[in-house]
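Chemist: My structure is below; once you've seen it, I'll send some questions.
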Amino acid sequence: MHRPIRTLLIFFGFSLFVSLAHAETIQTPSAPVAATVFSDRATITREATIKIPAGKHTLVFNDLPLSLFPDSLRVEGEGAASVILGALSHKTINEAGFVDERAKELHARLENLNRQKNILNAEKAALNKQQEFYESLKAEASTKTKEEISEFKFNTEQWVLAADTILNGLENASKKTLEKNDLIKNIDEQLSKIMRDLAQLQTAQKSSTEVSLPVEAKSNTTLNIHLSYQLPNATWKPVYDARLDTKSGKLQIIQYGTVRQNTGEDWSNVALTLSTARPQRGASLPEPQPMWVNIPENVAKLMRGVAMESMGAADMAYMAAPAEMDEGARLQKAASPQAMIAATIAEARIETGGFTAEYKIPALNTVSSDGTESKLLIGTFKTENELETHVQPQFGTDAYLIAKATLQGENPILPGSVSLFLDDAYVGQSQLPLLRAGKSTRLSFGIDDQIEVKRQTLKDETGEAGIIIGMQNIIEREYNTEIHNLRQTPVNLVVLEPIPAPQNEKITIELLKGKTTKGFEEDAEKTKGLLRWKLELKPGEKKDIALGWKLAWPKDKQINGLPY
């Protein structure tokens, strides 16, 4: 019973095989399986698995993004039998019509809404005619009524009935007109939205890249192809969460990568890699050129003297070049200073300090092509953390909780914005610098309300001094800052106080050490004039930080820079 069917299937399979064996072009569907994203582009890898018969054929990959860089096209493949891959070629395909079914749907809705609007406008016109008719009846009835009253033929019942009919007709027509206006307004809003959506879809024409790959198979086989290319309109940047637990003192820094792309193709369930490499910079230094210098001859000076003012910089550079220089060297010498600056190696500097890192995102991820930002987890950094409370009395009486984090492990932290969380509460944002293993940075987690700061000015005097009275101006100041730890735990306190830092030898500053608390570090943080005290405050403990200084400068001079 099943024998004829089996024979038919065998014949059909044989016929299909024969047709494929003679095929020269094989359409090869493919889909993105991996994406490596750089700061300004991405490398996409597409995968295709296809059965090919023995012989020479051409695999054709359709609907690739128009913006891909042709020079970046690469292909790799493997098969059960020996297969020779030829050279890739590409061309641009322009297809009139809609980009996708969504555009067709929008155009259908557009036509339907326009039909509805036309019907409503026709009904509205009819209502306007009704209103005009009732208005004319109203005017005629009023005239007729006046005539009947003057002739004593007025019929009250007929007049009331006619008036009710006219007024009801006008009222209904007005209500229906308002309803039509509301419906037309709603349709206009829908039409505007559809037009915006259509503009975003760019439905006028679909352009894509078609890639062809010649192959030659020794025998029937299944071929697995990986086609890769680079394309623009893709980017990523590192962002971080810094989470501080005040009870344990632990700081957790979590790194994410925010990826966005508008390449024209969705990346669905792809293996993502985020790279700090910058392929757009190139890999080579510019060729060094001679740095020509010359002393112009007197004759040349006299010849150029008359026209010098009317010449541009490029003309003068051209004439100043040595006679033995060839034309190319002359043109190079004549280049404007701005052009030469733009060609320097400044753009080739690696901001991250000379290394390239790649972050492979775990699991498969999807990034749409509409520019939506996707935030992907990269990992967590280990840090050795020290909590400090910083006080700068000159600027206010608030104490700030600071986490001094020292990076551990081998992976560096790249520069990027960081969201700060204090005991799971979001407190603000900051920036992380480039950090390598063993390097430290400080992150501020806001005001510490459990540290009370009181500042008092003890002395603020202005006077004169010198061998002869009046030779110098003098300002002498003394301060005291009381700091109280209201916490139940010790606090590592850092107090920062700047004193005036002269930039002129005629200005002198004297730190009044008898009026200043000992144990400070001068020029802290590599900042001239900054004093820093580091001490521990026990629970409930109070400490005073005293500061005194005297500034002097010539009587006939003025100074600036004192903010207080």
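Chain lettering (A, B, ...) mirrors the order of the structure tokens, residue numbering begins at 1 for each chain separately, and ligand numbering begins at 1 in order of display.
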Which residues of region 197-271 of chain A sit at most 7 Å from region 65-85 of chain A, using only C-alpha atoms? Give each one's shortest atom pair and distance in Å (one decimal place), in chain and ascending residue order, as a Markdown table.
Modeler:
| residue | atom | partner | partner_atom | distance |
| --- | --- | --- | --- | --- |
| A:Ser207 | CA | A:Leu66 | CA | 6.3 |
| A:Ser208 | CA | A:Leu66 | CA | 4.5 |
| A:Thr209 | CA | A:Leu66 | CA | 5.0 |
| A:Pro214 | CA | A:Leu85 | CA | 6.1 |
| A:Val215 | CA | A:Leu85 | CA | 4.7 |
| A:Glu216 | CA | A:Ile84 | CA | 5.1 |
| A:Ala217 | CA | A:Val83 | CA | 4.5 |
| A:Lys218 | CA | A:Ser82 | CA | 5.8 |
| A:Ser219 | CA | A:Ala81 | CA | 6.4 |
| A:Thr221 | CA | A:Ala81 | CA | 5.7 |
| A:Thr222 | CA | A:Gly79 | CA | 5.6 |
| A:Leu223 | CA | A:Gly79 | CA | 4.5 |
| A:Asn224 | CA | A:Glu78 | CA | 5.4 |
| A:Ile225 | CA | A:Gly77 | CA | 4.4 |
| A:His226 | CA | A:Glu76 | CA | 5.2 |
| A:Leu227 | CA | A:Val75 | CA | 4.6 |
| A:Ser228 | CA | A:Arg74 | CA | 5.2 |
| A:Tyr229 | CA | A:Leu73 | CA | 4.6 |
| A:Gln230 | CA | A:Phe69 | CA | 5.7 |
| A:Leu231 | CA | A:Leu68 | CA | 4.2 |
| A:Pro232 | CA | A:Ser67 | CA | 6.9 |
| A:Gly264 | CA | A:Pro65 | CA | 6.2 |
| A:Glu265 | CA | A:Pro65 | CA | 6.9 |
Chemist: Skip Pro238 (chain A) itself and residues of its chain fewer than 5 positions away, then list as a PyMOL selection string all residues within 8 Å of it, counting only C-alpha atoms.
Modeler: chain A and resi 255-258+414-417
Chemist: Nearest residue to Tyr359 (chain A) out of A:Val391, A:Leu167, A:Leu434, A:Leu274, using only C-alpha atoms?
Modeler: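 Comparing A:Val391, A:Leu167, A:Leu434, A:Leu274 against Tyr359 (chain A), the winner is A:Leu274.
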Chemist: Could you tell me which of A:Thr45, A:Tyr400, A:Val211, A:Phe133 comes closest to Leu64 (chain A) if we count only C-alpha atoms?
Modeler: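 Nearest candidate to Leu64 (chain A) out of A:Thr45, A:Tyr400, A:Val211, A:Phe133: A:Val211.
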Chemist: For CA of Ser444 (chain A) and CA of Thr235 (chain A), quote the distance in Å rounded to one decimal.
Modeler: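 Computing it gives 29.2 Å between the two atoms.
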Chemist: From the list A:Lys176, A:Lys56, A:His107, A:Arg278, which residue is nearest Arg41 (chain A) when using only C-alpha atoms?
Modeler: A:Arg278
Chemist: Tell me, as a list in words, which residues lie within 12 Å of Gly514 (chain A), counting only C-alpha atoms; anything in the same chain fewer than 5 positions away does not count.
Modeler: Glu478, Ala546, Leu547, Gly548 and Trp549 of chain A
Chemist: Take the residues from that selection and write them out as a CSV table (one decimal), in the first residue's frame, keeping N, CA and C atoms.
Modeler:
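As written to disk, again36.csv reads:
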chain,number,residue,atom,x,y,z
A,478,GLU,N,42.7,84.0,63.1
A,478,GLU,CA,42.8,82.7,63.9
A,478,GLU,C,41.4,82.1,63.9
A,546,ALA,N,42.7,74.1,65.6
A,546,ALA,CA,43.0,75.5,65.6
A,546,ALA,C,43.9,75.8,64.5
A,547,LEU,N,43.7,77.1,63.9
A,547,LEU,CA,44.5,77.5,62.8
A,547,LEU,C,44.7,79.0,62.9
A,548,GLY,N,46.0,79.4,62.7
A,548,GLY,CA,46.3,80.8,62.7
A,548,GLY,C,47.4,81.1,61.7
A,549,TRP,N,47.2,82.3,61.0
A,549,TRP,CA,48.2,82.7,60.0
A,549,TRP,C,48.2,84.2,59.8
Chemist: Would you kindly return, as a ChimeraX atom specification, each protein, DNA or RNA residue with an atom no farther than 12 Å from any atom of Leu120 (chain A), considering only C-alpha atoms and excluding same-chain residues fewer than 5 positions away?
Modeler: /A:113-115,125-127,176-188
Chemist: Run DSSP on the backbone of this structure and report the residues of region 348-511 of chain A it assigns to strand (DSSP E or B), as a compact mmCIF listing (two decimals) with N, CA and C atoms, in the first residue's frame.
Modeler:
# COMPACT_ATOMS: atom_id res chain seq x y z
N GLU A 358 38.70 43.47 26.61
CA GLU A 358 37.46 42.97 26.05
C GLU A 358 36.63 42.35 27.16
N TYR A 359 35.34 42.67 27.15
CA TYR A 359 34.43 42.13 28.15
C TYR A 359 33.40 41.27 27.45
N LYS A 360 33.44 40.02 27.71
CA LYS A 360 32.47 39.10 27.12
C LYS A 360 31.26 39.01 28.05
N ASN A 365 22.21 37.99 24.48
CA ASN A 365 21.49 39.24 24.74
C ASN A 365 20.88 39.76 23.44
N THR A 366 19.88 40.62 23.60
CA THR A 366 19.20 41.24 22.47
C THR A 366 19.33 42.75 22.57
N VAL A 367 19.76 43.38 21.47
CA VAL A 367 19.88 44.85 21.39
C VAL A 367 19.13 45.28 20.13
N SER A 374 20.67 49.61 26.14
CA SER A 374 20.61 48.37 26.91
C SER A 374 21.74 48.36 27.94
N LYS A 375 21.40 48.12 29.20
CA LYS A 375 22.39 48.09 30.28
C LYS A 375 22.70 46.64 30.63
N LEU A 376 23.95 46.27 30.42
CA LEU A 376 24.35 44.87 30.57
C LEU A 376 25.38 44.74 31.69
N LEU A 377 25.20 43.75 32.53
CA LEU A 377 26.12 43.52 33.64
C LEU A 377 27.44 42.94 33.12
N ILE A 378 28.55 43.53 33.57
CA ILE A 378 29.87 43.00 33.23
C ILE A 378 30.45 42.22 34.40
N GLY A 379 30.48 42.83 35.57
CA GLY A 379 31.02 42.11 36.72
C GLY A 379 31.24 43.04 37.90
N THR A 380 31.80 42.51 38.96
CA THR A 380 32.04 43.24 40.20
C THR A 380 33.53 43.32 40.48
N PHE A 381 33.99 44.49 40.91
CA PHE A 381 35.40 44.69 41.24
C PHE A 381 35.61 44.51 42.74
N THR A 383 37.63 45.62 46.00
CA THR A 383 38.35 46.80 46.49
C THR A 383 38.68 46.64 47.97
N GLU A 384 39.77 47.24 48.36
CA GLU A 384 40.09 47.39 49.78
C GLU A 384 39.64 48.78 50.17
N ASN A 385 38.75 48.88 51.16
CA ASN A 385 38.06 50.13 51.41
C ASN A 385 38.40 50.69 52.79
N GLU A 386 38.51 52.02 52.82
CA GLU A 386 38.73 52.73 54.09
C GLU A 386 37.75 53.89 54.15
N LEU A 387 36.92 53.91 55.21
CA LEU A 387 35.94 54.98 55.37
C LEU A 387 36.55 56.15 56.11
N GLU A 388 36.32 57.35 55.59
CA GLU A 388 36.80 58.58 56.22
C GLU A 388 35.66 59.59 56.25
N THR A 389 35.74 60.50 57.20
CA THR A 389 34.81 61.63 57.25
C THR A 389 35.60 62.91 57.03
N HIS A 390 35.29 63.62 55.97
CA HIS A 390 36.04 64.81 55.59
C HIS A 390 35.29 66.08 56.00
N VAL A 391 36.06 67.00 56.54
CA VAL A 391 35.52 68.29 56.95
C VAL A 391 36.40 69.38 56.34
N ALA A 399 29.93 67.60 57.33
CA ALA A 399 30.94 66.55 57.24
C ALA A 399 30.48 65.55 56.18
N TYR A 400 31.40 65.10 55.35
CA TYR A 400 31.07 64.22 54.24
C TYR A 400 31.69 62.85 54.43
N LEU A 401 30.88 61.82 54.16
CA LEU A 401 31.34 60.44 54.26
C LEU A 401 32.07 60.07 52.97
N ILE A 402 33.34 59.71 53.10
CA ILE A 402 34.19 59.41 51.95
C ILE A 402 34.67 57.97 52.04
N ALA A 403 34.56 57.27 50.91
CA ALA A 403 35.11 55.92 50.82
C ALA A 403 36.37 55.97 49.98
N LYS A 404 37.49 55.61 50.57
CA LYS A 404 38.75 55.52 49.85
C LYS A 404 38.92 54.08 49.40
N ALA A 405 38.76 53.85 48.09
CA ALA A 405 38.76 52.50 47.54
C ALA A 405 40.06 52.23 46.80
N THR A 406 40.72 51.13 47.13
CA THR A 406 41.92 50.69 46.44
C THR A 406 41.59 49.44 45.64
N LEU A 407 41.82 49.51 44.34
CA LEU A 407 41.42 48.42 43.45
C LEU A 407 42.32 47.21 43.63
N ILE A 413 39.68 49.48 36.12
CA ILE A 413 38.42 50.21 36.03
C ILE A 413 38.59 51.31 34.99
N GLY A 416 34.36 56.41 33.80
CA GLY A 416 32.92 56.38 33.53
C GLY A 416 32.13 56.93 34.69
N SER A 417 30.85 57.17 34.44
CA SER A 417 29.98 57.69 35.50
C SER A 417 29.62 56.57 36.49
N VAL A 418 29.40 56.96 37.75
CA VAL A 418 29.09 55.99 38.79
C VAL A 418 27.90 56.50 39.59
N SER A 419 26.92 55.62 39.80
CA SER A 419 25.78 55.92 40.66
C SER A 419 26.11 55.47 42.08
N LEU A 420 25.89 56.35 43.04
CA LEU A 420 26.29 56.11 44.42
C LEU A 420 25.09 55.69 45.26
N PHE A 421 25.27 54.59 46.00
CA PHE A 421 24.20 54.08 46.87
C PHE A 421 24.77 53.93 48.28
N LEU A 422 24.10 54.54 49.23
CA LEU A 422 24.48 54.45 50.64
C LEU A 422 23.44 53.61 51.36
N ALA A 425 20.33 53.20 49.45
CA ALA A 425 19.62 54.44 49.08
C ALA A 425 20.48 55.21 48.08
N TYR A 426 19.87 55.62 46.97
CA TYR A 426 20.59 56.37 45.95
C TYR A 426 20.87 57.78 46.46
N VAL A 427 22.15 58.21 46.39
CA VAL A 427 22.51 59.53 46.93
C VAL A 427 23.09 60.46 45.88
N GLY A 428 23.34 59.99 44.67
CA GLY A 428 23.85 60.89 43.64
C GLY A 428 24.77 60.17 42.67
N GLN A 429 25.44 60.99 41.85
CA GLN A 429 26.34 60.47 40.84
C GLN A 429 27.69 61.14 40.93
N SER A 430 28.71 60.44 40.42
CA SER A 430 30.06 60.97 40.38
C SER A 430 30.76 60.36 39.16
N GLN A 431 32.07 60.53 39.10
CA GLN A 431 32.87 59.99 38.01
C GLN A 431 34.00 59.14 38.58
N LEU A 432 34.25 58.01 37.93
CA LEU A 432 35.39 57.18 38.29
C LEU A 432 36.51 57.43 37.28
N LEU A 435 41.48 53.35 36.82
CA LEU A 435 42.13 52.75 37.98
C LEU A 435 42.75 51.42 37.60
N SER A 440 44.18 54.01 44.01
CA SER A 440 43.05 54.38 44.88
C SER A 440 42.28 55.56 44.31
N THR A 441 41.03 55.66 44.71
CA THR A 441 40.20 56.82 44.41
C THR A 441 39.26 57.05 45.58
N ARG A 442 38.73 58.27 45.66
CA ARG A 442 37.79 58.60 46.74
C ARG A 442 36.41 58.85 46.14
N LEU A 443 35.41 58.29 46.79
CA LEU A 443 34.03 58.51 46.40
C LEU A 443 33.28 59.11 47.58
N SER A 444 32.57 60.20 47.31
CA SER A 444 31.83 60.88 48.37
C SER A 444 30.39 60.39 48.38
N PHE A 445 29.91 59.97 49.55
CA PHE A 445 28.56 59.44 49.70
C PHE A 445 27.65 60.40 50.47
N GLY A 446 27.96 61.69 50.41
CA GLY A 446 27.06 62.68 50.97
C GLY A 446 27.38 63.07 52.40
N ILE A 447 26.49 63.85 52.99
CA ILE A 447 26.69 64.44 54.31
C ILE A 447 26.48 63.40 55.41
N ILE A 451 28.06 63.68 62.48
CA ILE A 451 29.27 64.45 62.83
C ILE A 451 28.89 65.92 62.91
N GLU A 452 29.04 66.50 64.09
CA GLU A 452 28.67 67.89 64.32
C GLU A 452 29.91 68.78 64.24
N VAL A 453 29.81 69.84 63.44
CA VAL A 453 30.95 70.73 63.21
C VAL A 453 30.54 72.16 63.56
N LYS A 454 31.36 72.82 64.40
CA LYS A 454 31.15 74.23 64.74
C LYS A 454 32.45 75.00 64.48
N ARG A 455 32.35 76.09 63.74
CA ARG A 455 33.54 76.88 63.40
C ARG A 455 33.39 78.28 63.98
N GLN A 456 34.51 78.78 64.53
CA GLN A 456 34.50 80.09 65.18
C GLN A 456 35.72 80.88 64.74
N THR A 457 35.50 82.14 64.37
CA THR A 457 36.62 83.04 64.06
C THR A 457 37.06 83.73 65.34
N LEU A 458 38.30 83.45 65.75
CA LEU A 458 38.81 84.02 67.00
C LEU A 458 39.47 85.37 66.81
N LYS A 459 40.03 85.58 65.63
CA LYS A 459 40.74 86.83 65.39
C LYS A 459 40.72 87.14 63.90
N ASP A 460 40.42 88.38 63.57
CA ASP A 460 40.44 88.84 62.18
C ASP A 460 40.84 90.32 62.19
N GLU A 461 42.15 90.57 62.10
CA GLU A 461 42.68 91.93 62.26
C GLU A 461 43.45 92.35 61.02
N THR A 462 43.30 93.61 60.67
CA THR A 462 44.04 94.23 59.57
C THR A 462 44.85 95.38 60.14
N GLY A 463 46.14 95.45 59.78
CA GLY A 463 46.99 96.51 60.33
C GLY A 463 48.14 96.85 59.41
N GLU A 464 49.13 97.59 59.99
CA GLU A 464 50.32 98.01 59.26
C GLU A 464 51.54 97.63 60.07
N ALA A 465 52.65 97.40 59.38
CA ALA A 465 53.89 97.04 60.07
C ALA A 465 55.07 97.46 59.22
N GLN A 472 53.98 98.08 55.23
CA GLN A 472 53.32 96.83 54.86
C GLN A 472 51.89 96.79 55.37
N ASN A 473 51.05 96.11 54.59
CA ASN A 473 49.70 95.75 55.04
C ASN A 473 49.76 94.36 55.66
N ILE A 474 48.95 94.16 56.68
CA ILE A 474 48.95 92.87 57.39
C ILE A 474 47.51 92.43 57.64
N ILE A 475 47.26 91.14 57.40
CA ILE A 475 46.02 90.50 57.84
C ILE A 475 46.41 89.32 58.72
N GLU A 476 45.84 89.28 59.92
CA GLU A 476 46.11 88.17 60.83
C GLU A 476 44.77 87.55 61.25
N ARG A 477 44.71 86.21 61.10
CA ARG A 477 43.45 85.53 61.40
C ARG A 477 43.71 84.27 62.20
N GLU A 478 42.73 83.96 63.07
CA GLU A 478 42.77 82.74 63.86
C GLU A 478 41.37 82.12 63.88
N TYR A 479 41.35 80.79 63.76
CA TYR A 479 40.08 80.05 63.73
C TYR A 479 40.15 78.88 64.69
N ASN A 480 38.96 78.44 65.11
CA ASN A 480 38.86 77.19 65.86
C ASN A 480 37.65 76.41 65.35
N THR A 481 37.86 75.11 65.09
CA THR A 481 36.80 74.24 64.60
C THR A 481 36.61 73.11 65.59
N GLU A 482 35.39 73.03 66.16
CA GLU A 482 35.06 71.95 67.10
C GLU A 482 34.30 70.86 66.35
N ILE A 483 34.77 69.61 66.49
CA ILE A 483 34.16 68.47 65.78
C ILE A 483 33.73 67.44 66.82
N HIS A 484 32.46 67.04 66.73
CA HIS A 484 31.87 66.14 67.72
C HIS A 484 31.35 64.89 67.01
N ASN A 485 31.84 63.71 67.43
CA ASN A 485 31.39 62.44 66.88
C ASN A 485 30.17 61.94 67.67
N VAL A 491 35.46 57.15 64.26
CA VAL A 491 35.44 57.79 62.94
C VAL A 491 36.85 58.21 62.59
N ASN A 492 37.27 57.88 61.37
CA ASN A 492 38.53 58.38 60.83
C ASN A 492 38.28 59.76 60.23
N LEU A 493 38.77 60.79 60.91
CA LEU A 493 38.47 62.17 60.55
C LEU A 493 39.61 62.78 59.74
N VAL A 494 39.24 63.49 58.67
CA VAL A 494 40.19 64.25 57.86
C VAL A 494 39.70 65.69 57.81
N VAL A 495 40.54 66.62 58.30
CA VAL A 495 40.20 68.04 58.29
C VAL A 495 41.13 68.73 57.30
N LEU A 496 40.55 69.47 56.36
CA LEU A 496 41.31 70.18 55.34
C LEU A 496 41.11 71.67 55.51
N GLU A 497 42.22 72.41 55.66
CA GLU A 497 42.17 73.86 55.84
C GLU A 497 43.20 74.52 54.90
N PRO A 498 42.77 75.35 53.96
CA PRO A 498 43.73 76.08 53.13
C PRO A 498 44.15 77.39 53.78
N THR A 508 54.16 87.67 51.74
CA THR A 508 54.66 86.64 52.66
C THR A 508 53.50 86.08 53.49
N ILE A 509 53.59 84.79 53.78
CA ILE A 509 52.59 84.13 54.62
C ILE A 509 53.33 83.46 55.78
N GLU A 510 52.84 83.65 56.96
CA GLU A 510 53.44 83.03 58.15
C GLU A 510 52.36 82.21 58.85
N LEU A 511 52.64 80.92 59.01
CA LEU A 511 51.74 80.05 59.76
C LEU A 511 52.05 80.21 61.24
Chemist: Restricting the calculation to only C-alpha atoms: of A:Leu535, A:Ala501, A:Ile253, A:Ala108, which residue gets closest to Phe520 (chain A)?
Modeler: A:Leu535
Chemist: Which one is closest to Asn168 (chain A): A:Gln131, A:Thr92, A:Gln392, A:Gln190? Count only C-alpha atoms.
Modeler: A:Gln131
Chemist: Please compute the CA of Gln252 (chain A)-CA of Thr372 (chain A) distance, one decimal, in Å.
Modeler: 27.5 Å
Chemist: In Å, how far is it from CA of Asn233 (chain A) to CA of Pro279 (chain A)?
Modeler: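 Taking CA of Asn233 (chain A) and CA of Pro279 (chain A), their separation equals 14.1 Å.
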Chemist: Which residue, A:Asp241, A:Glu521, A:Asp63, A:Ala173, has the smallest gap to Ile93 (chain A) when you use only C-alpha atoms?
Modeler: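 Of A:Asp241, A:Glu521, A:Asp63, A:Ala173, the one nearest Ile93 (chain A) is A:Asp63, counting only C-alpha atoms.
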